[in-house]
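Input: a single structure, listed below in structure tokens.
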Number of protein chains: 2
Amino acid sequence: MEGLAASEISLDLAATHAVLVEIFEGNSISEVLDRINGLREKQALALGPHPPIPQRVTALRKELQKLSLDGFLIPLANEHQGEFIEKRSQRLEWLTGFSGSAGLAVVLRDRAAIFTDGRYTLQVSKQVDPKIFKPNHVTETPPNTWICENLEIGSRIGFDPWLHTPSDVKNLEQLCIRNGIKLLPLNENPLDTIWKNQPPRPLGPVVVQSHQYTGKSSAIKRSEIGNALIEAGEDAIVITALDSIAWLLNIRGFDVAHTPLTLSYAIVDQAGKVDWFIDPRKLTDQTKTLVGNGVFVHEPANFVPMLSALGAKEKKVRLDLKTASEAVRNILTKSGAKVVDGGDLCLLPKAIKSASEINGSLAAHVRDGAALTSFLSWLSRTTKHSTVTEMSAASMLYEFRRKDPKFRGLSFETISGSGPNGAIVHYRVTPETDRRLSAGDIYLVDSGAQYLDGTTDVTRTVYIEQTNGFPAPLTVQEHFTRVLKGHIAIAEARFPHGTSGPQIDALARIALWEVGLDYDHGTGHGVGSYLSVHEGPQRISKKGGTVPMEPGMIISNEPGYYKEGVYGIRIENLVVVTVSSELAGDKKDRILSFETLTLAPIDKNLIIPQLLNENEKNWLNQYHQRVRDTLSNIVDEDARDWLIEATTRI
Amino acid sequence: MEGLAASEISLDLAATHAVLVEIFEGNSISEVLDRINGLREKQALALGPHPPIPQRVTALRKELQKLSLDGFLIPLANEHQGEFIEKRSQRLEWLTGFSGSAGLAVVLRDRAAIFTDGRYTLQVSKQVDPKIFKPNHVTETPPNTWICENLEIGSRIGFDPWLHTPSDVKNLEQLCIRNGIKLLPLNENPLDTIWKNQPPRPLGPVVVQSHQYTGKSSAIKRSEIGNALIEAGEDAIVITALDSIAWLLNIRGFDVAHTPLTLSYAIVDQAGKVDWFIDPRKLTDQTKTLVGNGVFVHEPANFVPMLSALGAKEKKVRLDLKTASEAVRNILTKSGAKVVDGGDLCLLPKAIKSASEINGSLAAHVRDGAALTSFLSWLSRTTKHSTVTEMSAASMLYEFRRKDPKFRGLSFETISGSGPNGAIVHYRVTPETDRRLSAGDIYLVDSGAQYLDGTTDVTRTVYIEQTNGFPAPLTVQEHFTRVLKGHIAIAEARFPHGTSGPQIDALARIALWEVGLDYDHGTGHGVGSYLSVHEGPQRISKKGGTVPMEPGMIISNEPGYYKEGVYGIRIENLVVVTVSSELAGDKKDRILSFETLTLAPIDKNLIIPQLLNENEKNWLNQYHQRVRDTLSNIVDEDARDWLIEATTRI
């Protein structure tokens, strides 16, 4: 059922405009999802079977020989360096069999290697033949080092400049020069040449995100970007990040999984004029009309000539060298443009939500909270006398969510882990790992959805009650309570304007540090408005940015604790930064605080009340009161009874 | 009496070796202090009177004309960029009259300006003639901007390259180039040419800091620095920071105020061999013997030729471009050396104290705590029926401290501020600002001393009790209690190895932030071992370094709150980072915590017990119990009675 998530709205087929209109007009979202799923299956059949992996690697090596190359890099990336990648660009999986979310392969004439991080060590060993691709831990043996150690002086290694950032290329290039290796950007990706049945580019429809949800017109956004360029003395900015384009034009697409993005490029000038490079087949009549003045649609094939034209006029062009393609930088520079390494100008205004976006998020969180509460209530009733597994639980949660008319898919693949699986921070359940939820288990479910009016991301950790009424072990309860103390410390924090997330990160950890514990991930990430579930520039983490938290930013609050091989605990709500109403003293700066958006009970079976101080108890009781008041009239009777019990005061 | 502080041990006279030996051998430190004070007075008389300031400025302008210069920079700095500066290098004060601790003047042909930060705005207006030097706020009108706006294209401005860091010069140079101004390093400082009775270089004796206090031989330290150079592939390091040299050679000097430093330079090579450039008249026989093998003493005049020699051999030389002199960088580069901008290799090992240094610090803090407790007890008895002022209080505190045989002076000028003066963070009492401590006042005293076995720095804020027994206003008590909550949060924090100070800074502020308050300074700075009272690389502050806190580092814990024009509150103890003994759970990393070094009562008259939670009350009671147990037998009877009362449980 996971398979019906937002990923499935990605149309990996050469649909015509007519098909798109037919699908999206006059149908409920459930019907659309079903329809698209059918089309996907047809497409997979139409593409036909793939040759076995050894043949794919052999074919690639032959191709490299033709190009007089000694090696080639295969990253898991598309031209936009996003989190979710369309099938066509999943070259790493096709070549190696590895289906994880991050990795890189290097193929040389007589050897090849794959590089992944610690969370995928096990998965690589199951999916990839080590005789073909030597598995490596990416930080222990960095690919750049491996390349230099395995190639002789005078070797030539190729890469696809559309799939690497200028920063990455620069690092590798310096190392190659020092080792006498030639690093060559290729015009064509040799892997695409040999991948006979590579899926076509997706053609998901582009729809307008209405003003009711965005609260700010694209024209105003564009003119603000134009003004920022004037102020910086730059002629134009090239935007390759898809969520920035979606935000700027107030449009949403369906090209990649879990995030409503459309593959395209944009160039904005000082007047706020946008040249938008997108397959016109993806545009409905409504989109064409509403995008309106000042946005000029071009065929994607015209992107490169337009970059060269900027260069020919010796324009000063801003580009985010940490997220753009090396190809874009190279074309601009070669043709005469002055490339300025500036941040993406959409990043900060996108992160600071408008009042409409915040209202939308509040509304979406009420409905999402009702779905999650219904699920938790169902789980509590069902696990006592039935067989629920991690997979079936995730499916059930999906069913509760998809009933909502504004539902547009999951915002990421649900993490549904019980017992030891809950301790794997990036766990994704598969039929092989699927576990039954048994009495006494600690079950962690981290999930979220895309709604037309907002994006959600929530984690609850619950105790699967035993029929004999035995409580969870006290150590588990203590760990849960300490995670909760950290969560409350962030939820309750008040701080002066100018404070960055890393400055308050320790508040979430101190109760764990007190007993020598910690968690090995950030405390919070930015969240988009019916956009990416992970967005910058703000974050709450041990290290990283000094970008201050601004009113209107949405951030997750998700401390955790993981006992390897035994259980995992995480409590995650989304919060929005607000100006605190209770200014005090002679302080002139604004004092900010968080308002919690997420609404769902926190499992009291895992709390030791004596470990909470009065403030913390008050926070929990007030939060539960709000959850109950908001949700009890919109969930069904069974869920309501459970909700009332789950939210009584401690 | 302040005048008898460590600054007074600075020998600004051309004493001979014989005089030094006479002074330092067979005399108590008090006798030495008195003797040196007498010598200083004689010296001042010998130097004779100075011409009035307008004549000094005119003389400088004539000198600039001779050199065909349109302007000249006068920073408050010596060749070593330290915090405390010998009289000879206090050129800014001599030229402008401004005696603050930070500032810069720029003299052009027809105008001049002085730049200071906000804390000195008032002082500048009192000390400096605005018709001669236009006063500017250094961040509102940065000197670099002012220079470019007030000089025409083609102008030539000079600077003394020994008094500016390469980083500073680089910034100014780029701006000058853009504005068509020529920035010229000068071989001779024109101000020294016109300053007829400029004090000579100090000739404080250099004494060996014995192994009992350092715990680590200079030979071992030097060989470790040599090994670090080998590892980095660098041939040598030039060290200009005086506290690094003192640490490396296990010596202490008496050339500048408040810190036992000797003016000198050092070059260390891969073998750990040190070329030490120091006036040999400062070395006693004991020093010469004990410095021992591997340290070669050179006349300071040989420093520049030795730098050039490194260049002639094309050596790779490490230099900290943020603290070294531009002159050193320039000489090295011009002569052919490859300058590597690396950190000062002594910084981290100096910050991580040896067991002997920590034991020394503990012992020094017991004696310092007894002196401070005696002072606080005296203050409580005396203010009731007598006339104590900020100045006389500071003098009295000095008297309590100087009785100790290991006392070597104050570690900085005492901040003694009552009422509104307490709200001035860097307040230094002068006869003009001196205030009587009246019943009902909030009095802040921030002070510290240098002892042979350790450096102290402590702040206490006390309520000057009223005879009618009226307590301090509740708002003051609330502010004090919230500062105390922040102090306790740091004191009690436990955190994993790898955590930096800025990560825990918010713990000290959250109780203030809660009610919309904050303080505008860092929470903690590193402290040396009978060395600088401010040292890096660790710090606890809103922004700044990611250097992890390591066991053995000494840091201050000093949150505060300042109500402008009314009162100031600060509670400061020094703490040492320790490995926590109670490791828990399955965490592999070490968990660190702080052990408080400073011992003195915290004024219970300013605490609202109801605002403290149980943990916080326990901390305070246990701390007070420790203060009482440690000090009650080493203070006199009056102080003991007061101490017992001041440390009863709340």
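In the structure tokens, chains take the letters A, B, ... in the order shown, each chain's residues start at 1, and ligands count up from 1 in the order shown.
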Using DSSP on the backbone coordinates, identify all residues within stretch 78-126 of chain A classified as helix (DSSP H, G or I); present the result as a PyMOL selection string. chain A and resi 87-89+91-96+118-126
I'd like to know which residues of stretch 274-441 of chain A are strand (DSSP E or B) (by DSSP, run on the backbone); could you write them as a ChimeraX atom specification? /A:274-277,283,295-298,316-319,338-341,352,389,407-410,415-418,436
Take the residues that were just selected and, keeping N, CA, C and O atoms, output them as a compact mmCIF listing (two decimals), in the first residue's frame.
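What landed in again.txt:
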```txt
# COMPACT_ATOMS: atom_id res chain seq x y z
N VAL A 274 11.04 35.74 -15.49
CA VAL A 274 11.51 34.36 -15.36
C VAL A 274 11.48 33.66 -16.71
O VAL A 274 10.45 33.67 -17.41
N ASP A 275 12.61 33.09 -17.10
CA ASP A 275 12.63 32.16 -18.22
C ASP A 275 12.57 30.77 -17.63
O ASP A 275 13.44 30.38 -16.83
N TRP A 276 11.50 30.05 -18.01
CA TRP A 276 11.22 28.77 -17.37
C TRP A 276 11.37 27.67 -18.41
O TRP A 276 10.65 27.69 -19.43
N PHE A 277 12.26 26.73 -18.15
CA PHE A 277 12.57 25.68 -19.11
C PHE A 277 11.89 24.40 -18.67
O PHE A 277 12.35 23.73 -17.74
N LEU A 283 2.17 21.22 -18.94
CA LEU A 283 1.37 22.38 -18.53
C LEU A 283 -0.08 22.24 -18.97
O LEU A 283 -0.37 22.00 -20.13
N VAL A 295 6.51 35.37 -16.93
CA VAL A 295 7.11 34.04 -16.94
C VAL A 295 7.04 33.49 -18.37
O VAL A 295 5.95 33.36 -18.94
N PHE A 296 8.18 33.23 -18.94
CA PHE A 296 8.25 32.80 -20.32
C PHE A 296 8.66 31.34 -20.40
O PHE A 296 9.72 30.96 -19.88
N VAL A 297 7.79 30.54 -20.99
CA VAL A 297 8.03 29.09 -21.06
C VAL A 297 8.91 28.76 -22.26
O VAL A 297 8.67 29.26 -23.37
N HIS A 298 9.94 27.97 -22.00
CA HIS A 298 10.85 27.53 -23.08
C HIS A 298 10.96 26.02 -23.05
O HIS A 298 10.84 25.40 -21.98
N LYS A 316 26.75 38.97 -14.95
CA LYS A 316 27.13 38.50 -13.62
C LYS A 316 25.98 37.61 -13.14
O LYS A 316 24.86 38.10 -12.93
N VAL A 317 26.24 36.33 -13.02
CA VAL A 317 25.16 35.37 -12.75
C VAL A 317 25.38 34.67 -11.42
O VAL A 317 26.43 34.08 -11.17
N ARG A 318 24.36 34.74 -10.55
CA ARG A 318 24.43 34.07 -9.25
C ARG A 318 24.07 32.59 -9.40
O ARG A 318 23.14 32.23 -10.14
N LEU A 319 24.80 31.75 -8.71
CA LEU A 319 24.55 30.31 -8.77
C LEU A 319 24.95 29.73 -7.41
O LEU A 319 25.97 30.10 -6.85
N LYS A 338 30.23 35.93 -15.58
CA LYS A 338 30.94 35.94 -14.30
C LYS A 338 30.02 35.24 -13.30
O LYS A 338 28.97 35.77 -12.92
N VAL A 339 30.40 34.04 -12.87
CA VAL A 339 29.55 33.28 -11.95
C VAL A 339 29.86 33.70 -10.51
O VAL A 339 31.00 33.66 -10.07
N VAL A 340 28.80 34.13 -9.79
CA VAL A 340 28.95 34.51 -8.39
C VAL A 340 28.38 33.38 -7.54
O VAL A 340 27.24 32.98 -7.72
N ASP A 341 29.20 32.86 -6.62
CA ASP A 341 28.73 31.77 -5.76
C ASP A 341 27.86 32.36 -4.65
O ASP A 341 28.31 32.65 -3.56
N ILE A 352 10.30 31.16 5.37
CA ILE A 352 9.45 32.01 6.22
C ILE A 352 8.04 31.99 5.66
O ILE A 352 7.73 32.66 4.69
N THR A 389 1.52 -6.28 11.63
CA THR A 389 2.96 -6.23 11.40
C THR A 389 3.35 -4.79 11.10
O THR A 389 2.50 -3.92 10.91
N PHE A 407 -5.54 15.20 0.64
CA PHE A 407 -4.35 14.33 0.70
C PHE A 407 -3.73 14.20 -0.67
O PHE A 407 -4.42 14.00 -1.68
N ARG A 408 -2.41 14.33 -0.75
CA ARG A 408 -1.71 14.21 -2.04
C ARG A 408 -0.57 13.20 -1.98
O ARG A 408 0.33 13.22 -2.81
N GLY A 409 -0.59 12.34 -0.97
CA GLY A 409 0.45 11.32 -0.87
C GLY A 409 1.24 11.47 0.42
O GLY A 409 1.05 12.43 1.18
N LEU A 410 2.11 10.50 0.68
CA LEU A 410 2.96 10.58 1.86
C LEU A 410 4.13 11.52 1.59
O LEU A 410 4.62 11.61 0.46
N ILE A 415 8.39 5.24 8.30
CA ILE A 415 9.30 4.42 9.11
C ILE A 415 8.44 3.73 10.16
O ILE A 415 7.85 4.38 11.01
N SER A 416 8.30 2.42 10.05
CA SER A 416 7.43 1.65 10.92
C SER A 416 8.27 0.54 11.51
O SER A 416 8.50 -0.48 10.87
N GLY A 417 8.80 0.77 12.73
CA GLY A 417 9.77 -0.18 13.28
C GLY A 417 9.44 -0.58 14.70
O GLY A 417 9.26 0.28 15.56
N SER A 418 9.39 -1.87 14.94
CA SER A 418 9.10 -2.33 16.30
C SER A 418 10.35 -2.98 16.87
O SER A 418 11.20 -3.50 16.13
N ARG A 436 6.11 -8.80 13.43
CA ARG A 436 4.80 -8.68 14.07
C ARG A 436 4.94 -7.80 15.29
O ARG A 436 5.95 -7.87 16.00
```
Mind dumping a table of every chain A residue within 10 Å of chain B, with the nearest atom pair and its distance in Å to one decimal, using only C-alpha atoms, sorted by chain and rising number, as a Markdown table?
```
| residue | atom | partner | partner_atom | distance |
| --- | --- | --- | --- | --- |
| A:Thr475 | CA | B:Gly585 | CA | 9.8 |
| A:Ala489 | CA | B:Ile510 | CA | 9.6 |
| A:Glu492 | CA | B:Glu514 | CA | 8.6 |
| A:Ala493 | CA | B:Glu514 | CA | 7.0 |
| A:Arg494 | CA | B:Glu514 | CA | 5.3 |
| A:Phe495 | CA | B:Trp513 | CA | 5.2 |
| A:Pro496 | CA | B:Trp513 | CA | 6.8 |
| A:Gly498 | CA | B:Lys542 | CA | 9.9 |
| A:Thr499 | CA | B:Lys542 | CA | 8.0 |
| A:Ser500 | CA | B:Lys542 | CA | 9.0 |
| A:Pro502 | CA | B:Gln503 | CA | 6.8 |
| A:Gln503 | CA | B:Gln503 | CA | 5.7 |
| A:Ile504 | CA | B:Ala506 | CA | 5.9 |
| A:Asp505 | CA | B:Gln503 | CA | 7.0 |
| A:Ala506 | CA | B:Ile504 | CA | 5.9 |
| A:Leu507 | CA | B:Leu507 | CA | 6.9 |
| A:Arg509 | CA | B:Phe495 | CA | 8.5 |
| A:Ile510 | CA | B:Ala493 | CA | 7.1 |
| A:Ala511 | CA | B:Arg494 | CA | 9.0 |
| A:Leu512 | CA | B:Phe495 | CA | 8.8 |
| A:Trp513 | CA | B:Phe495 | CA | 5.1 |
| A:Glu514 | CA | B:Arg494 | CA | 5.2 |
| A:Val515 | CA | B:Ala584 | CA | 5.8 |
| A:Gly516 | CA | B:Ala584 | CA | 5.0 |
| A:Leu517 | CA | B:Lys587 | CA | 6.0 |
| A:Asp518 | CA | B:Lys587 | CA | 7.6 |
| A:Tyr519 | CA | B:Lys587 | CA | 9.6 |
| A:Ser541 | CA | B:Gln503 | CA | 9.2 |
| A:Lys542 | CA | B:Gln503 | CA | 6.7 |
| A:Lys543 | CA | B:Thr546 | CA | 7.9 |
| A:Gly544 | CA | B:Thr546 | CA | 9.8 |
| A:Thr546 | CA | B:Lys543 | CA | 8.0 |
| A:Tyr562 | CA | B:Asp586 | CA | 9.7 |
| A:Lys563 | CA | B:Asp586 | CA | 7.4 |
| A:Glu564 | CA | B:Asp586 | CA | 8.5 |
| A:Ser580 | CA | B:Gly516 | CA | 8.9 |
| A:Glu582 | CA | B:Gly516 | CA | 7.7 |
| A:Leu583 | CA | B:Gly516 | CA | 5.7 |
| A:Ala584 | CA | B:Gly516 | CA | 5.0 |
| A:Gly585 | CA | B:Leu517 | CA | 6.6 |
| A:Asp586 | CA | B:Lys563 | CA | 7.5 |
| A:Lys587 | CA | B:Leu517 | CA | 5.9 |
| A:Lys588 | CA | B:Gly516 | CA | 9.2 |
| A:Asp589 | CA | B:Gly516 | CA | 8.7 |
| A:Arg590 | CA | B:Gly516 | CA | 8.1 |
| A:Ile591 | CA | B:Gly516 | CA | 5.9 |
| A:Leu592 | CA | B:Gly516 | CA | 8.9 |
| A:Ser593 | CA | B:Glu514 | CA | 9.3 |
| A:Asn613 | CA | B:Asn613 | CA | 8.0 |
| A:Glu614 | CA | B:Asn613 | CA | 9.2 |
```
For stretch 598-602 of chain B, find every residue with an atom within 6 Å (counting only C-alpha atoms), except residues of its own chain fewer than 4 positions away, and show them as an NGL selection string. :B and (365 or 369 or 373 or 573-574 or 627)
Those same residues, written as a tab-separated table (two decimals), in the first residue's frame with all heavy atoms?
```tsv
chain	number	residue	atom	x	y	z
B	365	HIS	N	42.52	28.33	44.33
B	365	HIS	CA	41.13	28.73	44.52
B	365	HIS	C	40.70	28.63	45.99
B	365	HIS	O	39.81	29.37	46.41
B	365	HIS	CB	40.21	27.92	43.61
B	365	HIS	CG	40.09	28.52	42.25
B	365	HIS	ND1	40.90	28.16	41.20
B	365	HIS	CD2	39.29	29.51	41.77
B	365	HIS	CE1	40.59	28.87	40.13
B	365	HIS	NE2	39.61	29.70	40.45
B	369	GLY	N	39.48	31.92	47.54
B	369	GLY	CA	38.13	31.89	48.11
B	369	GLY	C	38.14	32.40	49.54
B	369	GLY	O	37.22	33.11	49.96
B	373	THR	N	36.04	35.54	50.67
B	373	THR	CA	35.08	35.35	51.75
B	373	THR	C	35.36	36.34	52.89
B	373	THR	O	34.44	36.94	53.45
B	373	THR	CB	35.14	33.90	52.24
B	373	THR	OG1	34.75	33.05	51.15
B	373	THR	CG2	34.24	33.66	53.44
B	573	ASN	N	31.92	31.65	38.48
B	573	ASN	CA	32.88	30.70	39.04
B	573	ASN	C	33.73	30.16	37.89
B	573	ASN	O	33.27	30.12	36.75
B	573	ASN	CB	32.16	29.50	39.68
B	573	ASN	CG	31.54	29.84	41.03
B	573	ASN	OD1	31.87	30.85	41.64
B	573	ASN	ND2	30.64	28.98	41.49
B	574	LEU	N	34.95	29.74	38.19
B	574	LEU	CA	35.71	28.97	37.21
B	574	LEU	C	35.38	27.49	37.41
B	574	LEU	O	35.13	27.05	38.54
B	574	LEU	CB	37.21	29.20	37.35
B	574	LEU	CG	37.70	30.63	37.14
B	574	LEU	CD1	39.23	30.65	37.02
B	574	LEU	CD2	37.06	31.25	35.90
B	627	VAL	N	31.90	25.00	50.25
B	627	VAL	CA	32.56	26.28	50.54
B	627	VAL	C	32.84	26.37	52.04
B	627	VAL	O	33.94	26.69	52.48
B	627	VAL	CB	31.71	27.47	50.06
B	627	VAL	CG1	32.29	28.79	50.57
B	627	VAL	CG2	31.60	27.49	48.54
```
Considering only C-alpha atoms, return as a ChimeraX atom specification whatever protein or nucleic-acid residues lie within 12 Å of A:Glu83, sequence-local ones (same chain, fewer than 6 positions apart) excluded. /A:76-77,100-102,241-243,256-259,261,323,411-412,531-535
Nearest to B:Asp404 by atom-to-atom distance, counting only C-alpha atoms, from B:His426, B:Arg367, B:Arg626, B:Lys282: B:Arg367
Name the residues in contact with B:Asn187 at a cut-off of 8 Å, using only C-alpha atoms, excluding same-chain residues fewer than 2 positions from it; report them as a VMD selection string. chain B and resid 160 185 189
